[in-house]
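Peer 1: Take a look at this one; I'll ask things after.
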Amino acid sequence: MTVPDAKTSSGNEKLVVEIIGAHNLMPKDGEGSSSPFVEVEFEDQRLRTHVKRKDLNPIWNEKLVFHVIDVNELRYKTLEISVFNEKRSSNSRNFLGKVRVTGSSVAREGESVAKLYTLEKRSLFSHVRGEISLKHYVTTTTENDGNISRVNGSGGSKKTKKVCSSIGTQQQQQQQQQIALLNHQQQNQQRMLPFYPNQGEIKPLVITALPGPRPGPGPVIYPNGSSEFSLKETKPRLGGVTSGLSSHKDKTSSTYDLVEQMQYLYVRVMKAKDLSVSGEVVSEIKLGNYKGVTRKVNSSSLEWNQVFAFSKETIQSSVVEIFLREVNRDEYTGRVWFDLSEIPTRVPPDSPLAPQWYKIESRNGVGGELMVSVWFGTQADEAFSEAWHSKAGNVHIEELSSIKSKVYLSPKLWYLRVSVIEAQDVAVMNKGSGLMRFPELSAKLHVGSQILRTTVSASNPTRSFTNPYWNEDLMFVVAEPFEDCINVIVEDRVSGNDVGRVQIPVLAVERRTGDKPVGSRWFTLDNGNNNSQFGSRIHLRLSLDGGYHVLDEATMYTSDVRPTAKELWKPHVGLLEIGILGATGLMPMKVRDGKGSGTADSYCVAKYAPKWVRTRTVVDSLCPKWNEQYTWEVNDPCTVVTIGVFDNVRVDKSNSNTRDARIGKVRIRLSTLETERVYTHSYPLLVLHATGVKKTGELHLAVRLSCGNAVNMFQMYTLPLLPKMHYTQPLGVHLIERLRYQTLNAVAARLSRAEPPLGREVVEYMLDHDFHVWSMRRSKANFFRLVNVVSSLVWVARLVEAMRSWTKPVCSTVFVAVFLFMVLFPELILPSLFLYAAAVGVWRFRKRPRHPPHMDARISHAETVFPDELDEEFDTFPTSRGFEVVRMRYDRVRSIAGRIQTVVGDMASQGERAQALLSWRDPRATFIFLVFCLVSAVGFYVVPVKLTVAVSGLYYLRPPRFRRRLPSRGLSFFRRLPSRADSLL
């Protein structure tokens, strides 16, 4: 696009600036919103749009018309577009951002397209955000649109005409707003087409900044996500006092000081004697409308030893009764009852209440005795975890074990390294002919369900027996106790037969804690009956590497970095305590008993280091309260604890599904927590579904990180993150991912055999097993994370360019003065930089984050993701979609990869041009560079360095009037250097 030529202009040209809309503006009215309007200034002419009340994503679709005195000079002019917020109370305005557009980018009418500009700061200390969509062109026609604003008179006038009042009826205004909104959405969709292609034609990718959430069809948008998905601070009564800063207490007496106290009536039924019964007997504990039943026992051994817990807040009776009856009879044999007002209260760490014998009241007067203990307590009681809870009265007795709280430990895992070096005297007989031949041999290794193969060893036709040589390392994951064996099989690729095998127990393998290699051994191969005459053997080096940390989680979410060998562990540096209080607003996961509204049977799982904890399942509640507290030793502060919420499907015996449903999870990085402070927050549970991101509830936690030794904790920041062996004998990225998958299988297999079992679906969700799967949404998120990282460098470059442009002479003069001062006193450069960094850090201390970081739906691009991208992310692997859909997605990936390929090629070309300076690939260019180097060597020797730097800097910062628009000679010389791109096919 170019500025209209003078020969084609008629002398009455008008510059039209069409303000389409803006989005994601900065709220300025103190109520989370703004009332924005746009003001455009051109050659002392200033026009503005209407004000959009309480709208951070306004749509104006207004045209501002300016007089152009000389169209030939337009390319040297500048349009300044500023966005302001109008204050109705004080009749003033706030700055929201600005855009500077050069006249060289203005095109003719019909050739212009809408462009999206990022709003820039007015000064160094202003804060802006958002983008504005503009369209500007030169026209010679008379504009009669009612949306056009003009200036009165010639240049210098700053008043505008209000022409929008003649639009028409209210219906016409609404239609025009809808048309403007549709046009704006279409323009944005066309601009973002490479990231969000339609089902039809696929266009090349243009990587550019994407806007935030906006109205209109297409992506799944949640406009209230900023508040709905944010962290909220709560103030529960923890241990009977309001949460806040806590002092260091004795952990024995404050075991449950991070949760709200829950009062329970505990009834422990031990055993009975002297009962006149002949069949099976059960005990029934009745408290108001709640009734608990013990298991059946034979009359010859009347012993139960079961605990029942009744929530005190639901008690509606003054007595608790214990009935005994035979299984096949409806009448009670006898009963024991207690007045609730006389029941004692137990407060840990007091010892448990001793059970006593009580006389049984019988109908016929012939009773017996029942050993019982009854007391009031809290969830800190030892009987809490094993007790039958009154709120789980509808759960089948066979499923009661699946709702209890438990603590699990991951198995101790080792990396098993098998170095397959060589084999000797391996021969193969051809079937039918009985002739020997030279096979193509490879070694296959089985360890449990893991199978790996070496490459095929080349045959040696000069010898009668083959001696294959591989010298390859194969890695496996094994768990203690070692029950598996290493099965080594030598195979012939031609015939597919086994020519020898050996079995070695893992328990017999030598363990090592460092990188010193262990000795190798020869093992005799079992060749079978056909060729037992040959003494075949294989050379192996086996070791259990305890110097590695066996990675079971994604590296960015790891909760443990200790090596496997316990003798290499360092003392712990702190204590992590988490109180799992409860949840609110959970998403209904099932419908029970034909109820119209859904419900959930939820429980929490927390994982840190090898310790997994599982809370009890709260049955039939969308706002469960667990109030359970757990503790972990912290060995490294730069680790992450993960808490997940699940729906227990095993509560319903009739349910054929055996996989617990995911409700959501929370991650907390310990390094972001202040020590000795109690964090009480409500964490939103965010889950990405095929229909978009959803909030499935809120999880209430109380977290405290205690520091045992501050010096040791600070010292951890200077040590390597992983054990030493990860750096002396590093493992490749692909190898780590494969081993992580095997580790997940080992952990899931071990935890699934516990009681109650921790399902594989829970382990996979907690360990992020699918984090490596391709996702367009995650790729965009990572790209813009990278853009955000380099934005500071871009800001510095823009600042230098602004100083170099001399648009603000005072600032540019100060910049040049500071530059000369640093040149004259170079010893102050580094101290000044470090002092500036320290000052910035101290200044930002007052604005430090007050809450732990949490999952951000906006950074994850979950709020603006398109349905097709979600469908691709939740597609199976391999894909289950049709041919046309797969072809469209394949073309989209090719488009993105083509752009990435181009960018990588351009970067490589720049590096190859630098290498070509001395490679004599271009002899004339190399000769010129050598002459320049010799002259520069003499010049830098004669001329002082300070003078050279000062002159070079002043030359670079000279005002624009002393510069020419052509590139410099040095840059032109560098661009002419050859690269290897011309050698590519």
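Each chain in the structure tokens gets a letter, A, B and so on, in the order shown; residues start at 1 in every chain, and ligands are counted from 1 in the order they appear.
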Could you pull the residues within 12 Å of Phe932 (chain A), counting only C-alpha atoms, minus those fewer than 6 positions along the same chain, as a PyMOL selection string?
Peer 2: chain A and resi 917+925-926+938-940+970+973
Peer 1: Find the residue from A:Trp795, A:Ser318, A:Glu86, A:Phe962 that sits nearest to Asp29 (chain A); use only C-alpha atoms when measuring.
Peer 2: A:Glu86
Peer 1: Mind checking which residues fall within 12 Å of Ala354 (chain A), counting only C-alpha atoms, ignoring those fewer than 3 positions away in the same chain, and posting them as a ChimeraX atom specification?
Peer 2: /A:267-270,344,346,350-351,357,371-375
Peer 1: Would you put the residues from that selection into a file with all heavy atoms, as a compact mmCIF listing (two decimals), in the first residue's frame?
Peer 2:
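Writing the result to out29.txt gives the following:
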```txt
# COMPACT_ATOMS: atom_id res chain seq x y z
N VAL A 267 -18.77 -44.34 68.96
CA VAL A 267 -19.25 -45.53 69.66
C VAL A 267 -18.41 -46.71 69.19
O VAL A 267 -18.44 -47.06 68.01
CB VAL A 267 -20.74 -45.80 69.40
CG1 VAL A 267 -21.19 -47.06 70.14
CG2 VAL A 267 -21.58 -44.61 69.80
N ARG A 268 -17.64 -47.29 70.11
CA ARG A 268 -16.83 -48.47 69.78
C ARG A 268 -17.49 -49.69 70.42
O ARG A 268 -17.58 -49.79 71.65
CB ARG A 268 -15.41 -48.31 70.28
CG ARG A 268 -14.52 -49.52 69.95
CD ARG A 268 -13.13 -49.37 70.54
NE ARG A 268 -12.39 -48.31 69.90
CZ ARG A 268 -11.65 -48.46 68.78
NH1 ARG A 268 -11.60 -49.65 68.21
NH2 ARG A 268 -11.00 -47.45 68.28
N VAL A 269 -17.92 -50.61 69.58
CA VAL A 269 -18.54 -51.86 70.04
C VAL A 269 -17.46 -52.94 69.97
O VAL A 269 -17.02 -53.31 68.87
CB VAL A 269 -19.75 -52.23 69.18
CG1 VAL A 269 -20.40 -53.51 69.70
CG2 VAL A 269 -20.76 -51.10 69.17
N MET A 270 -17.06 -53.44 71.14
CA MET A 270 -15.96 -54.41 71.19
C MET A 270 -16.48 -55.85 71.08
O MET A 270 -16.28 -56.50 70.08
CB MET A 270 -15.18 -54.22 72.49
CG MET A 270 -14.47 -52.87 72.59
SD MET A 270 -13.15 -52.68 71.36
CE MET A 270 -12.02 -53.95 71.90
N PRO A 344 -18.53 -38.50 78.11
CA PRO A 344 -17.34 -37.66 78.26
C PRO A 344 -16.79 -37.21 76.91
O PRO A 344 -17.14 -37.75 75.86
CB PRO A 344 -16.34 -38.58 78.98
CG PRO A 344 -16.74 -39.96 78.56
CD PRO A 344 -18.25 -39.92 78.42
N ARG A 346 -13.25 -36.50 74.74
CA ARG A 346 -11.82 -36.82 74.67
C ARG A 346 -11.12 -35.80 73.80
O ARG A 346 -11.56 -35.50 72.69
CB ARG A 346 -11.61 -38.22 74.11
CG ARG A 346 -10.14 -38.59 74.08
CD ARG A 346 -9.83 -39.61 73.03
NE ARG A 346 -8.38 -39.73 72.87
CZ ARG A 346 -7.79 -40.28 71.82
NH1 ARG A 346 -8.52 -40.74 70.83
NH2 ARG A 346 -6.48 -40.35 71.76
N ASP A 350 -4.77 -36.93 74.70
CA ASP A 350 -5.19 -37.85 75.76
C ASP A 350 -5.34 -39.25 75.20
O ASP A 350 -5.69 -39.44 74.02
CB ASP A 350 -6.53 -37.39 76.35
CG ASP A 350 -6.39 -36.08 77.10
OD1 ASP A 350 -5.23 -35.69 77.38
OD2 ASP A 350 -7.41 -35.45 77.39
N SER A 351 -5.11 -40.23 76.02
CA SER A 351 -5.20 -41.63 75.59
C SER A 351 -6.64 -41.98 75.25
O SER A 351 -7.58 -41.34 75.75
CB SER A 351 -4.68 -42.55 76.70
OG SER A 351 -3.32 -42.27 76.99
N TRP A 357 -17.57 -52.98 80.44
CA TRP A 357 -18.67 -53.92 80.32
C TRP A 357 -19.95 -53.26 80.86
O TRP A 357 -19.94 -52.64 81.92
CB TRP A 357 -18.40 -55.19 81.13
CG TRP A 357 -17.34 -56.06 80.52
CD1 TRP A 357 -16.05 -56.18 80.89
CD2 TRP A 357 -17.53 -56.94 79.41
NE1 TRP A 357 -15.38 -57.07 80.10
CE2 TRP A 357 -16.28 -57.57 79.16
CE3 TRP A 357 -18.60 -57.28 78.59
CZ2 TRP A 357 -16.09 -58.51 78.15
CZ3 TRP A 357 -18.41 -58.21 77.58
CH2 TRP A 357 -17.16 -58.81 77.36
N MET A 371 -19.27 -55.02 75.88
CA MET A 371 -18.13 -54.14 76.10
C MET A 371 -18.20 -53.00 75.09
O MET A 371 -18.12 -53.21 73.88
CB MET A 371 -16.81 -54.89 75.97
CG MET A 371 -15.58 -54.01 76.19
SD MET A 371 -14.02 -54.91 76.10
CE MET A 371 -14.04 -55.72 77.70
N VAL A 372 -18.33 -51.76 75.60
CA VAL A 372 -18.54 -50.58 74.75
C VAL A 372 -17.75 -49.42 75.33
O VAL A 372 -17.53 -49.34 76.55
CB VAL A 372 -20.04 -50.21 74.69
CG1 VAL A 372 -20.27 -49.02 73.76
CG2 VAL A 372 -20.87 -51.37 74.22
N SER A 373 -17.35 -48.50 74.44
CA SER A 373 -16.83 -47.20 74.87
C SER A 373 -17.50 -46.13 74.01
O SER A 373 -17.60 -46.27 72.78
CB SER A 373 -15.31 -47.13 74.73
OG SER A 373 -14.92 -47.34 73.39
N VAL A 374 -17.97 -45.06 74.66
CA VAL A 374 -18.69 -43.98 73.98
C VAL A 374 -18.08 -42.66 74.42
O VAL A 374 -17.88 -42.44 75.63
CB VAL A 374 -20.19 -44.00 74.30
CG1 VAL A 374 -20.93 -42.93 73.50
CG2 VAL A 374 -20.78 -45.37 74.02
N TRP A 375 -17.77 -41.79 73.46
CA TRP A 375 -17.18 -40.51 73.80
C TRP A 375 -17.41 -39.50 72.68
O TRP A 375 -17.71 -39.86 71.54
CB TRP A 375 -15.68 -40.65 74.08
CG TRP A 375 -14.84 -40.92 72.86
CD1 TRP A 375 -14.16 -40.02 72.11
CD2 TRP A 375 -14.60 -42.20 72.24
NE1 TRP A 375 -13.50 -40.63 71.06
CE2 TRP A 375 -13.75 -41.97 71.13
CE3 TRP A 375 -15.03 -43.51 72.51
CZ2 TRP A 375 -13.32 -43.00 70.30
CZ3 TRP A 375 -14.59 -44.54 71.68
CH2 TRP A 375 -13.74 -44.27 70.59
```
Peer 1: Determine, for each residue of region 591-674 of chain A having at least one atom at most 10 Å from an atom of region 397-415 of chain A, the closest pair of atoms and their separation in Å to one decimal, counting only C-alpha atoms; order by chain and ascending number, as a tab-separated table.
Peer 2:
```
residue	atom	partner	partner_atom	distance
A:Asp601	CA	A:Ile403	CA	9.1
A:Ser602	CA	A:Ile403	CA	9.3
A:Tyr603	CA	A:Ile403	CA	8.2
A:Cys604	CA	A:Ser405	CA	9.3
A:Val605	CA	A:Val407	CA	9.6
A:Ala606	CA	A:Val407	CA	9.6
A:Lys607	CA	A:Tyr408	CA	9.4
A:Ala609	CA	A:Ser410	CA	8.5
A:Pro610	CA	A:Ser410	CA	4.9
A:Lys611	CA	A:Leu409	CA	4.8
A:Trp612	CA	A:Tyr408	CA	4.9
A:Val613	CA	A:Val407	CA	4.4
A:Arg614	CA	A:Lys406	CA	5.2
A:Thr615	CA	A:Ser405	CA	4.3
A:Arg616	CA	A:Ser405	CA	4.1
A:Thr617	CA	A:Ile403	CA	4.7
A:Val618	CA	A:Ile403	CA	7.8
A:Val619	CA	A:Ile403	CA	8.5
A:Trp626	CA	A:Ser405	CA	10.0
A:Glu628	CA	A:Ser405	CA	9.2
A:Tyr630	CA	A:Val407	CA	9.4
A:Asn648	CA	A:Ile403	CA	7.9
A:Val649	CA	A:Ser402	CA	9.7
A:Arg650	CA	A:Glu399	CA	6.8
A:Val651	CA	A:Glu399	CA	6.1
A:Asp652	CA	A:Glu399	CA	8.2
A:Lys653	CA	A:Glu399	CA	7.5
```
Peer 1: Please determine, counting only C-alpha atoms, which residue among A:Gly585, A:Gly21, A:Gly644, A:Gly519 has the shortest atom-to-atom distance to Glu764 (chain A).
Peer 2: A:Gly644
Peer 1: Using only C-alpha atoms, tabulate the residues of region 811-883 of chain A lying at most 10 Å from any atom of region 889-909 of chain A, each with its closest atom pair and that distance in Å to one decimal, by chain and increasing residue number, as a tab-separated table.
Peer 2:
```
residue	atom	partner	partner_atom	distance
A:Asp868	CA	A:Arg889	CA	9.2
A:Glu869	CA	A:Arg889	CA	9.1
A:Glu872	CA	A:Arg889	CA	8.2
A:Phe883	CA	A:Arg889	CA	10.0
```
Peer 1: Using only C-alpha atoms, determine which residues lie at most 12 Å from Leu735 (chain A), disregarding the query and same-chain residues fewer than 3 positions distant; provide the list as number ranges by chain.
Peer 2: A: 415, 473-477, 550-551, 730-732, 738-742
Peer 1: So that I have them on file, write out the residues from the current selection with N, CA and C atoms, as a PDB file, in the first residue's frame.
Peer 2:
```pdb
ATOM      1  N   TYR A 415      16.359 -47.275  38.306  1.00  0.00           N
ATOM      2  CA  TYR A 415      16.686 -47.422  36.895  1.00  0.00           C
ATOM      3  C   TYR A 415      17.615 -48.630  36.746  1.00  0.00           C
ATOM      4  N   ASP A 473      23.335 -49.545  25.475  1.00  0.00           N
ATOM      5  CA  ASP A 473      22.748 -49.453  26.805  1.00  0.00           C
ATOM      6  C   ASP A 473      21.234 -49.409  26.690  1.00  0.00           C
ATOM      7  N   LEU A 474      20.562 -50.255  27.456  1.00  0.00           N
ATOM      8  CA  LEU A 474      19.107 -50.286  27.519  1.00  0.00           C
ATOM      9  C   LEU A 474      18.694 -50.018  28.960  1.00  0.00           C
ATOM     10  N   MET A 475      17.683 -49.149  29.130  1.00  0.00           N
ATOM     11  CA  MET A 475      17.252 -48.711  30.465  1.00  0.00           C
ATOM     12  C   MET A 475      15.831 -49.209  30.749  1.00  0.00           C
ATOM     13  N   PHE A 476      15.634 -49.687  31.978  1.00  0.00           N
ATOM     14  CA  PHE A 476      14.335 -50.159  32.430  1.00  0.00           C
ATOM     15  C   PHE A 476      14.024 -49.518  33.783  1.00  0.00           C
ATOM     16  N   VAL A 477      12.764 -49.605  34.181  1.00  0.00           N
ATOM     17  CA  VAL A 477      12.314 -49.158  35.497  1.00  0.00           C
ATOM     18  C   VAL A 477      11.841 -50.379  36.268  1.00  0.00           C
ATOM     19  N   VAL A 550      14.206 -41.182  39.816  1.00  0.00           N
ATOM     20  CA  VAL A 550      13.286 -41.786  38.851  1.00  0.00           C
ATOM     21  C   VAL A 550      12.097 -40.841  38.693  1.00  0.00           C
ATOM     22  N   LEU A 551      12.017 -40.194  37.545  1.00  0.00           N
ATOM     23  CA  LEU A 551      10.993 -39.187  37.289  1.00  0.00           C
ATOM     24  C   LEU A 551       9.657 -39.867  37.004  1.00  0.00           C
ATOM     25  N   PRO A 730      24.034 -37.992  31.589  1.00  0.00           N
ATOM     26  CA  PRO A 730      22.675 -37.498  31.318  1.00  0.00           C
ATOM     27  C   PRO A 730      21.869 -38.470  30.472  1.00  0.00           C
ATOM     28  N   LEU A 731      20.570 -38.431  30.706  1.00  0.00           N
ATOM     29  CA  LEU A 731      19.620 -39.221  29.920  1.00  0.00           C
ATOM     30  C   LEU A 731      18.942 -38.312  28.906  1.00  0.00           C
ATOM     31  N   GLY A 732      18.736 -38.800  27.699  1.00  0.00           N
ATOM     32  CA  GLY A 732      18.110 -38.011  26.644  1.00  0.00           C
ATOM     33  C   GLY A 732      16.654 -37.710  26.945  1.00  0.00           C
ATOM     34  N   ARG A 738      10.123 -41.963  27.820  1.00  0.00           N
ATOM     35  CA  ARG A 738       9.765 -43.383  27.798  1.00  0.00           C
ATOM     36  C   ARG A 738       9.855 -43.990  29.192  1.00  0.00           C
ATOM     37  N   LEU A 739      10.899 -43.641  29.933  1.00  0.00           N
ATOM     38  CA  LEU A 739      11.034 -44.165  31.287  1.00  0.00           C
ATOM     39  C   LEU A 739       9.940 -43.621  32.198  1.00  0.00           C
ATOM     40  N   ARG A 740       9.509 -42.373  31.947  1.00  0.00           N
ATOM     41  CA  ARG A 740       8.437 -41.813  32.771  1.00  0.00           C
ATOM     42  C   ARG A 740       7.133 -42.581  32.562  1.00  0.00           C
ATOM     43  N   TYR A 741       6.889 -43.009  31.332  1.00  0.00           N
ATOM     44  CA  TYR A 741       5.697 -43.809  31.066  1.00  0.00           C
ATOM     45  C   TYR A 741       5.783 -45.154  31.780  1.00  0.00           C
ATOM     46  N   GLN A 742       6.959 -45.772  31.783  1.00  0.00           N
ATOM     47  CA  GLN A 742       7.122 -47.035  32.500  1.00  0.00           C
ATOM     48  C   GLN A 742       6.999 -46.830  34.008  1.00  0.00           C
TER      49      GLN A 742
END
```
Peer 1: Quick one: of A:Gly496, A:Gly582, A:Pro978, A:Pro348, who's nearest to Gln629 (chain A), counting only C-alpha atoms?
Peer 2: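 Answer, going by the shortest atom-to-atom distance: A:Gly582.
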Peer 1: Env of His681 (chain A): 12 Å cut, atoms = only C-alpha atoms, seq-sep filter 5 positions within chain, self excluded. Answer as an NGL selection string.
Peer 2: :A and (230-236 or 243-244 or 578-583 or 666 or 668 or 698-704 or 850-854)
Peer 1: Looking at A:Ala838, A:Leu575, A:Val591, A:Val823, which one is nearest to Ser706 (chain A), with distances taken over only C-alpha atoms?
Peer 2: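 Nearest candidate to Ser706 (chain A) out of A:Ala838, A:Leu575, A:Val591, A:Val823: A:Leu575.
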Peer 1: Show me, as a list in words, the residues that have an atom within 8 Å of Arg980 (chain A) when counting only C-alpha atoms, minus same-chain residues fewer than 3 positions from it.
Peer 2: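 With the cut-off at 8 Å, the set is Ser909, Glu912, Ser983 and Leu984 of chain A.
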Peer 1: Running DSSP on the backbone, which parts of region 267-516 of chain A land in strand (DSSP E or B), as number ranges by chain?
Peer 2: A: 267-273, 281-287, 290-293, 297, 303-311, 319-326, 334-339, 345, 356-359, 361-362, 369-377, 388-389, 406-409, 413-424, 426, 428-429, 436-437, 441-447, 450-453, 457, 466, 469-479, 485-492, 498-505, 511-512
Peer 1: Can you pull out the residues contacting Tyr358 (chain A)? Cut-off 12 Å, using only C-alpha atoms, and skip same-chain residues under 2 positions away; I want them as a ChimeraX atom specification.
Peer 2: /A:269-274,322,334-338,355-356,360-361,367-374
Peer 1: Could you write out that same residue set with C-alpha atoms as a PDB file, in the first residue's frame?
Peer 2:
```
ATOM      1  CA  VAL A 269     -18.536 -51.856  70.039  1.00  0.00           C
ATOM      2  CA  MET A 270     -15.960 -54.409  71.194  1.00  0.00           C
ATOM      3  CA  LYS A 271     -17.587 -57.722  72.148  1.00  0.00           C
ATOM      4  CA  ALA A 272     -20.383 -59.402  74.100  1.00  0.00           C
ATOM      5  CA  LYS A 273     -20.681 -62.351  76.465  1.00  0.00           C
ATOM      6  CA  ASP A 274     -23.310 -64.479  78.204  1.00  0.00           C
ATOM      7  CA  ILE A 322     -27.119 -50.214  71.022  1.00  0.00           C
ATOM      8  CA  GLY A 334     -31.286 -56.773  74.218  1.00  0.00           C
ATOM      9  CA  ARG A 335     -30.047 -53.239  74.349  1.00  0.00           C
ATOM     10  CA  VAL A 336     -27.640 -50.806  76.027  1.00  0.00           C
ATOM     11  CA  TRP A 337     -28.338 -47.077  76.052  1.00  0.00           C
ATOM     12  CA  PHE A 338     -26.454 -43.914  77.056  1.00  0.00           C
ATOM     13  CA  PRO A 355     -14.072 -49.778  76.873  1.00  0.00           C
ATOM     14  CA  GLN A 356     -16.180 -51.116  79.748  1.00  0.00           C
ATOM     15  CA  ILE A 360     -27.706 -55.688  78.511  1.00  0.00           C
ATOM     16  CA  GLU A 361     -31.373 -54.969  79.051  1.00  0.00           C
ATOM     17  CA  GLY A 367     -29.298 -60.691  79.372  1.00  0.00           C
ATOM     18  CA  GLY A 368     -25.585 -60.587  79.144  1.00  0.00           C
ATOM     19  CA  GLU A 369     -22.848 -58.003  78.958  1.00  0.00           C
ATOM     20  CA  LEU A 370     -21.564 -55.804  76.168  1.00  0.00           C
ATOM     21  CA  MET A 371     -18.129 -54.137  76.103  1.00  0.00           C
ATOM     22  CA  VAL A 372     -18.542 -50.584  74.751  1.00  0.00           C
ATOM     23  CA  SER A 373     -16.833 -47.202  74.870  1.00  0.00           C
ATOM     24  CA  VAL A 374     -18.686 -43.983  73.977  1.00  0.00           C
TER      25      VAL A 374
END
```
Peer 1: Quick one, how far is CA of Ala781 (chain A) from CA of Glu553 (chain A)?
Peer 2: 20.9 Å
